[in-house]
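Listing of protein00.pdb, PDB, C-alpha atoms
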ATOM      1  CA  MET A 346      22.744 -11.603  24.762  1.00  0.00           C
ATOM      2  CA  SER A 347      25.272  -8.797  24.845  1.00  0.00           C
ATOM      3  CA  GLU A 348      24.264  -5.153  24.552  1.00  0.00           C
ATOM      4  CA  ARG A 349      26.007  -4.907  21.188  1.00  0.00           C
ATOM      5  CA  ARG A 350      24.053  -7.839  19.745  1.00  0.00           C
ATOM      6  CA  ARG A 351      20.813  -6.444  21.128  1.00  0.00           C
ATOM      7  CA  GLY A 352      21.550  -3.129  19.441  1.00  0.00           C
ATOM      8  CA  LEU A 353      22.284  -4.925  16.190  1.00  0.00           C
ATOM      9  CA  VAL A 354      18.931  -6.727  16.391  1.00  0.00           C
ATOM     10  CA  TRP A 355      17.141  -3.392  16.919  1.00  0.00           C
ATOM     11  CA  LEU A 356      18.889  -2.099  13.826  1.00  0.00           C
ATOM     12  CA  ILE A 357      18.251  -5.139  11.608  1.00  0.00           C
ATOM     13  CA  VAL A 358      14.532  -5.584  12.362  1.00  0.00           C
ATOM     14  CA  PRO A 359      13.425  -2.239  10.828  1.00  0.00           C
ATOM     15  CA  VAL A 360      15.690  -2.813   7.821  1.00  0.00           C
ATOM     16  CA  ILE A 361      14.087  -6.215   7.223  1.00  0.00           C
ATOM     17  CA  ALA A 362      10.595  -4.724   7.643  1.00  0.00           C
ATOM     18  CA  LEU A 363      11.422  -2.000   5.141  1.00  0.00           C
ATOM     19  CA  GLY A 364      12.783  -4.588   2.709  1.00  0.00           C
ATOM     20  CA  VAL A 365       9.622  -6.682   2.953  1.00  0.00           C
ATOM     21  CA  LEU A 366       7.495  -3.594   2.317  1.00  0.00           C
ATOM     22  CA  VAL A 367       9.547  -2.561  -0.715  1.00  0.00           C
ATOM     23  CA  VAL A 368       9.434  -6.051  -2.231  1.00  0.00           C
ATOM     24  CA  SER A 369       5.686  -6.368  -1.667  1.00  0.00           C
ATOM     25  CA  LEU A 370       4.982  -2.986  -3.290  1.00  0.00           C
ATOM     26  CA  TRP A 371       7.402  -3.458  -6.192  1.00  0.00           C
ATOM     27  CA  PRO A 372       5.470  -3.686  -9.463  1.00  0.00           C
ATOM     28  CA  GLY A 373       5.948  -7.102 -10.963  1.00  0.00           C
ATOM     29  CA  GLU A 374       5.907  -8.056 -14.596  1.00  0.00           C
ATOM     30  CA  THR A 375       2.502  -9.143 -15.707  1.00  0.00           C
ATOM     31  CA  GLY A 376       1.819 -11.139 -18.791  1.00  0.00           C
ATOM     32  CA  PRO A 377      -1.284 -10.933 -20.924  1.00  0.00           C
ATOM     33  CA  GLU A 378      -4.386 -11.780 -18.926  1.00  0.00           C
ATOM     34  CA  ASP A 379      -7.687 -12.959 -20.216  1.00  0.00           C
ATOM     35  CA  PRO A 380     -10.349 -10.204 -20.353  1.00  0.00           C
ATOM     36  CA  GLU A 381     -12.371 -11.669 -17.457  1.00  0.00           C
ATOM     37  CA  ALA A 382      -9.351 -11.653 -15.136  1.00  0.00           C
ATOM     38  CA  ARG A 383      -8.471  -8.092 -16.167  1.00  0.00           C
ATOM     39  CA  ALA A 384     -12.048  -6.943 -15.577  1.00  0.00           C
ATOM     40  CA  TYR A 385     -12.128  -8.575 -12.143  1.00  0.00           C
ATOM     41  CA  ASN A 386      -8.733  -7.120 -11.142  1.00  0.00           C
ATOM     42  CA  LEU A 387      -9.897  -3.664 -12.195  1.00  0.00           C
ATOM     43  CA  ALA A 388     -13.229  -4.079 -10.392  1.00  0.00           C
ATOM     44  CA  ILE A 389     -11.536  -5.044  -7.108  1.00  0.00           C
ATOM     45  CA  SER A 390      -9.204  -2.042  -7.307  1.00  0.00           C
ATOM     46  CA  LEU A 391     -12.026   0.476  -7.844  1.00  0.00           C
ATOM     47  CA  LYS A 392     -14.473   1.603  -5.190  1.00  0.00           C
ATOM     48  CA  CYS A 393     -18.201   1.729  -5.825  1.00  0.00           C
ATOM     49  CA  PRO A 394     -19.039   5.470  -5.869  1.00  0.00           C
ATOM     50  CA  ILE A 395     -22.226   5.025  -3.811  1.00  0.00           C
ATOM     51  CA  CYS A 396     -21.123   2.241  -1.445  1.00  0.00           C
ATOM     52  CA  ALA A 397     -19.214   2.705   1.798  1.00  0.00           C
ATOM     53  CA  GLY A 398     -15.741   1.396   0.948  1.00  0.00           C
ATOM     54  CA  GLU A 399     -16.948  -1.549  -1.125  1.00  0.00           C
ATOM     55  CA  SER A 400     -15.246  -2.501  -4.369  1.00  0.00           C
ATOM     56  CA  LEU A 401     -17.064  -2.649  -7.689  1.00  0.00           C
ATOM     57  CA  ALA A 402     -16.466  -6.406  -7.681  1.00  0.00           C
ATOM     58  CA  GLY A 403     -18.259  -6.866  -4.362  1.00  0.00           C
ATOM     59  CA  SER A 404     -21.095  -4.392  -4.785  1.00  0.00           C
ATOM     60  CA  GLN A 405     -24.463  -5.518  -6.124  1.00  0.00           C
ATOM     61  CA  THR A 406     -25.929  -2.065  -6.748  1.00  0.00           C
ATOM     62  CA  ASP A 407     -27.210  -1.223 -10.210  1.00  0.00           C
ATOM     63  CA  LEU A 408     -24.503   1.432 -10.588  1.00  0.00           C
ATOM     64  CA  ALA A 409     -21.763  -1.096  -9.785  1.00  0.00           C
ATOM     65  CA  LYS A 410     -23.211  -3.517 -12.337  1.00  0.00           C
ATOM     66  CA  ASP A 411     -23.233  -0.730 -14.945  1.00  0.00           C
ATOM     67  CA  LEU A 412     -19.651   0.210 -14.130  1.00  0.00           C
ATOM     68  CA  ARG A 413     -18.508  -3.420 -14.386  1.00  0.00           C
ATOM     69  CA  ALA A 414     -20.163  -3.546 -17.827  1.00  0.00           C
ATOM     70  CA  ARG A 415     -18.304  -0.327 -18.705  1.00  0.00           C
ATOM     71  CA  ILE A 416     -15.018  -1.979 -17.695  1.00  0.00           C
ATOM     72  CA  ASP A 417     -15.842  -4.968 -19.916  1.00  0.00           C
ATOM     73  CA  ALA A 418     -16.645  -2.661 -22.847  1.00  0.00           C
ATOM     74  CA  GLU A 419     -13.435  -0.671 -22.421  1.00  0.00           C
ATOM     75  CA  ILE A 420     -11.363  -3.867 -22.283  1.00  0.00           C
ATOM     76  CA  ALA A 421     -13.094  -5.088 -25.450  1.00  0.00           C
ATOM     77  CA  ALA A 422     -12.267  -1.725 -27.080  1.00  0.00           C
ATOM     78  CA  GLY A 423      -8.571  -2.389 -26.406  1.00  0.00           C
ATOM     79  CA  ARG A 424      -7.944   0.156 -23.659  1.00  0.00           C
ATOM     80  CA  THR A 425      -5.168  -0.507 -21.164  1.00  0.00           C
ATOM     81  CA  ASP A 426      -5.793  -0.933 -17.446  1.00  0.00           C
ATOM     82  CA  GLU A 427      -4.169   2.443 -16.780  1.00  0.00           C
ATOM     83  CA  GLU A 428      -6.452   4.149 -19.311  1.00  0.00           C
ATOM     84  CA  ILE A 429      -9.521   2.558 -17.740  1.00  0.00           C
ATOM     85  CA  ILE A 430      -8.475   3.552 -14.223  1.00  0.00           C
ATOM     86  CA  ASP A 431      -7.680   7.078 -15.420  1.00  0.00           C
ATOM     87  CA  SER A 432     -11.161   7.369 -16.936  1.00  0.00           C
ATOM     88  CA  PHE A 433     -12.742   6.351 -13.617  1.00  0.00           C
ATOM     89  CA  VAL A 434     -10.547   8.809 -11.715  1.00  0.00           C
ATOM     90  CA  ALA A 435     -11.514  11.547 -14.198  1.00  0.00           C
ATOM     91  CA  ALA A 436     -15.210  10.778 -13.686  1.00  0.00           C
ATOM     92  CA  TYR A 437     -15.298  10.137  -9.908  1.00  0.00           C
ATOM     93  CA  GLY A 438     -12.061  11.562  -8.493  1.00  0.00           C
ATOM     94  CA  GLU A 439      -9.206   9.768  -6.726  1.00  0.00           C
ATOM     95  CA  GLN A 440     -11.558   8.556  -3.990  1.00  0.00           C
ATOM     96  CA  VAL A 441     -12.697   5.868  -6.464  1.00  0.00           C
ATOM     97  CA  LEU A 442      -9.341   4.114  -5.941  1.00  0.00           C
ATOM     98  CA  LEU A 443      -9.308   1.542  -3.142  1.00  0.00           C
ATOM     99  CA  ASP A 444      -5.497   1.776  -2.850  1.00  0.00           C
ATOM    100  CA  PRO A 445      -3.891   5.188  -2.576  1.00  0.00           C
ATOM    101  CA  PRO A 446      -1.725   6.133  -5.565  1.00  0.00           C
ATOM    102  CA  SER A 447       2.004   5.437  -5.267  1.00  0.00           C
ATOM    103  CA  THR A 448       2.910   9.036  -6.065  1.00  0.00           C
ATOM    104  CA  GLY A 449       2.509  12.297  -4.186  1.00  0.00           C
ATOM    105  CA  TRP A 450       0.448  11.977  -1.008  1.00  0.00           C
ATOM    106  CA  GLY A 451      -0.133   8.278  -1.709  1.00  0.00           C
ATOM    107  CA  VAL A 452       3.546   7.605  -1.051  1.00  0.00           C
ATOM    108  CA  MET A 453       3.155   9.290   2.326  1.00  0.00           C
ATOM    109  CA  LEU A 454       0.290   6.955   3.194  1.00  0.00           C
ATOM    110  CA  TRP A 455       2.442   3.931   2.385  1.00  0.00           C
ATOM    111  CA  ALA A 456       5.684   5.237   3.905  1.00  0.00           C
ATOM    112  CA  LEU A 457       4.315   6.763   7.114  1.00  0.00           C
ATOM    113  CA  PRO A 458       3.785   3.456   9.001  1.00  0.00           C
ATOM    114  CA  VAL A 459       7.287   2.295   8.071  1.00  0.00           C
ATOM    115  CA  ALA A 460       8.797   5.608   9.150  1.00  0.00           C
ATOM    116  CA  VAL A 461       6.927   5.432  12.476  1.00  0.00           C
ATOM    117  CA  LEU A 462       8.244   1.899  13.071  1.00  0.00           C
ATOM    118  CA  ILE A 463      11.826   2.901  12.304  1.00  0.00           C
ATOM    119  CA  ILE A 464      11.696   6.066  14.419  1.00  0.00           C
ATOM    120  CA  GLY A 465      10.017   4.181  17.262  1.00  0.00           C
ATOM    121  CA  ALA A 466      12.613   1.407  17.170  1.00  0.00           C
ATOM    122  CA  ALA A 467      15.419   3.974  17.157  1.00  0.00           C
ATOM    123  CA  ALA A 468      13.834   5.815  20.103  1.00  0.00           C
ATOM    124  CA  ILE A 469      13.429   2.611  22.095  1.00  0.00           C
ATOM    125  CA  PHE A 470      16.995   1.596  21.307  1.00  0.00           C
ATOM    126  CA  GLY A 471      18.261   5.031  22.366  1.00  0.00           C
ATOM    127  CA  LEU A 472      16.303   4.994  25.638  1.00  0.00           C
ATOM    128  CA  ARG A 473      17.393   1.468  26.490  1.00  0.00           C
ATOM    129  CA  ARG A 474      20.995   2.289  25.746  1.00  0.00           C
ATOM    130  CA  LYS A 475      20.832   5.442  27.858  1.00  0.00           C
ATOM    131  CA  ASN A 476      19.349   3.503  30.802  1.00  0.00           C
ATOM    132  CA  THR A 477      21.973   0.744  30.658  1.00  0.00           C
ATOM    133  CA  GLU A 478      25.085   2.989  30.589  1.00  0.00           C
ATOM    134  CA  PRO A 479      27.217   2.368  33.650  1.00  0.00           C
ATOM    135  CA  VAL A 480      27.102   5.098  36.239  1.00  0.00           C
ATOM    136  CA  GLY A 481      30.525   6.649  36.788  1.00  0.00           C
ATOM    137  CA  ASP A 482      32.158   6.833  40.188  1.00  0.00           C
ATOM    138  CA  LYS A 483      30.931   9.796  42.141  1.00  0.00           C
ATOM    139  CA  GLN A 484      33.520  11.183  44.521  1.00  0.00           C
TER
END

As a first step, turn the structure in this file into structure tokens.
Amino acid sequence: MSERRRGLVWLIVPVIALGVLVVSLWPGETGPEDPEARAYNLAISLKCPICAGESLAGSQTDLAKDLRARIDAEIAAGRTDEEIIDSFVAAYGEQVLLDPPSTGWGVMLWALPVAVLIIGAAAIFGLRRKNTEPVGDKQ
């Protein structure tokens, strides 16, 4: 493979990785869900306040059971998912979210690995290119 093609590959790979990340994080359109599915999706996105990194859906503590019942009651009252999540964040802080928010510092947490990959690939490409330049005639 020629040096030019190799350089093109090193350029395309990070672009493809970034594209995959953007598509996977892009919010999709969601239709109306049944209340049980909504409650479960909310419970898996919220952390149990007294468990070590466990979601409300997976925790069997009494508090987690009470909070799942609270989610069910708020869904029955007609609250949106965002309103329910906001009420949990207001009560327990942002640490109750299993996924970092996609604004502010949360964006940094999502974008940092991609940025490191792109910068690393560019550095490797630059070093390889520097090492493969032909040495001029020394007279």

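The space separating CA of Val360 in chain A from CA of Ala467 in chain A comes to 11.5 Å.
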
Worksheet item: Any idea what's packed within 10 Å of Lys392 in chain A, counting all atoms listed in the file, ignoring anything in its chain fewer than 3 positions away? Could you give it as a PyMOL selection string?
Response: chain A and resi 387-389+395-404+409+433+437+439-444

Could the residues in this selection be written to a file with C-alpha atoms, as a compact mmCIF listing (two decimals), keeping the file's coordinate frame?
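See part27.txt below for the written result:
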# COMPACT_ATOMS: atom_id res chain seq x y z
CA LEU A 387 -9.90 -3.66 -12.20
CA ALA A 388 -13.23 -4.08 -10.39
CA ILE A 389 -11.54 -5.04 -7.11
CA ILE A 395 -22.23 5.03 -3.81
CA CYS A 396 -21.12 2.24 -1.44
CA ALA A 397 -19.21 2.70 1.80
CA GLY A 398 -15.74 1.40 0.95
CA GLU A 399 -16.95 -1.55 -1.12
CA SER A 400 -15.25 -2.50 -4.37
CA LEU A 401 -17.06 -2.65 -7.69
CA ALA A 402 -16.47 -6.41 -7.68
CA GLY A 403 -18.26 -6.87 -4.36
CA SER A 404 -21.10 -4.39 -4.78
CA ALA A 409 -21.76 -1.10 -9.78
CA PHE A 433 -12.74 6.35 -13.62
CA TYR A 437 -15.30 10.14 -9.91
CA GLU A 439 -9.21 9.77 -6.73
CA GLN A 440 -11.56 8.56 -3.99
CA VAL A 441 -12.70 5.87 -6.46
CA LEU A 442 -9.34 4.11 -5.94
CA LEU A 443 -9.31 1.54 -3.14
CA ASP A 444 -5.50 1.78 -2.85

Worksheet item: When you draw a straight line from CA of Ala460 in chain A to CA of Ala362 in chain A, how long is it in Å?
Response: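 A separation of 10.6 Å between them.
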
Item to complete: Could you jot down the CA of Val461 in chain A to CA of Arg351 in chain A separation for me, Å, one decimal place?
Response: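 Calculated distance between CA of Val461 in chain A and CA of Arg351 in chain A is 20.2 Å.
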
Worksheet item: Could you spell out the hits of the PyMOL selection byres ((chain A and resi 420) around 12) on the shown file, as a list in words?
Response: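 That selection, the PyMOL selection byres ((chain A and resi 420) around 12), comes back as Glu378, Asp379, Pro380, Glu381, Ala382, Arg383, Ala384, Tyr385, Asn386, Leu387, Arg413, Ala414, Arg415, Ile416, Asp417, Ala418, Glu419, Ala421, Ala422, Gly423, Arg424, Thr425, Asp426, Glu427, Glu428, Ile429 and Ile430 of chain A.
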
Item to complete: Check the smallest atom-to-atom distance from each of A:Arg350, A:Leu363, A:Ala435, A:Asp411 to Pro458 in chain A using all atoms listed in the file, then report the winner.
Response: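 The shortest atom-to-atom distance to Pro458 in chain A comes from A:Leu363.
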
Worksheet item: the PyMOL selection byres ((chain A and resi 359) around 10) on the file shown: which residues, as a ChimeraX atom specification?
Response: /A:354-358,360-365,459-460,462-467
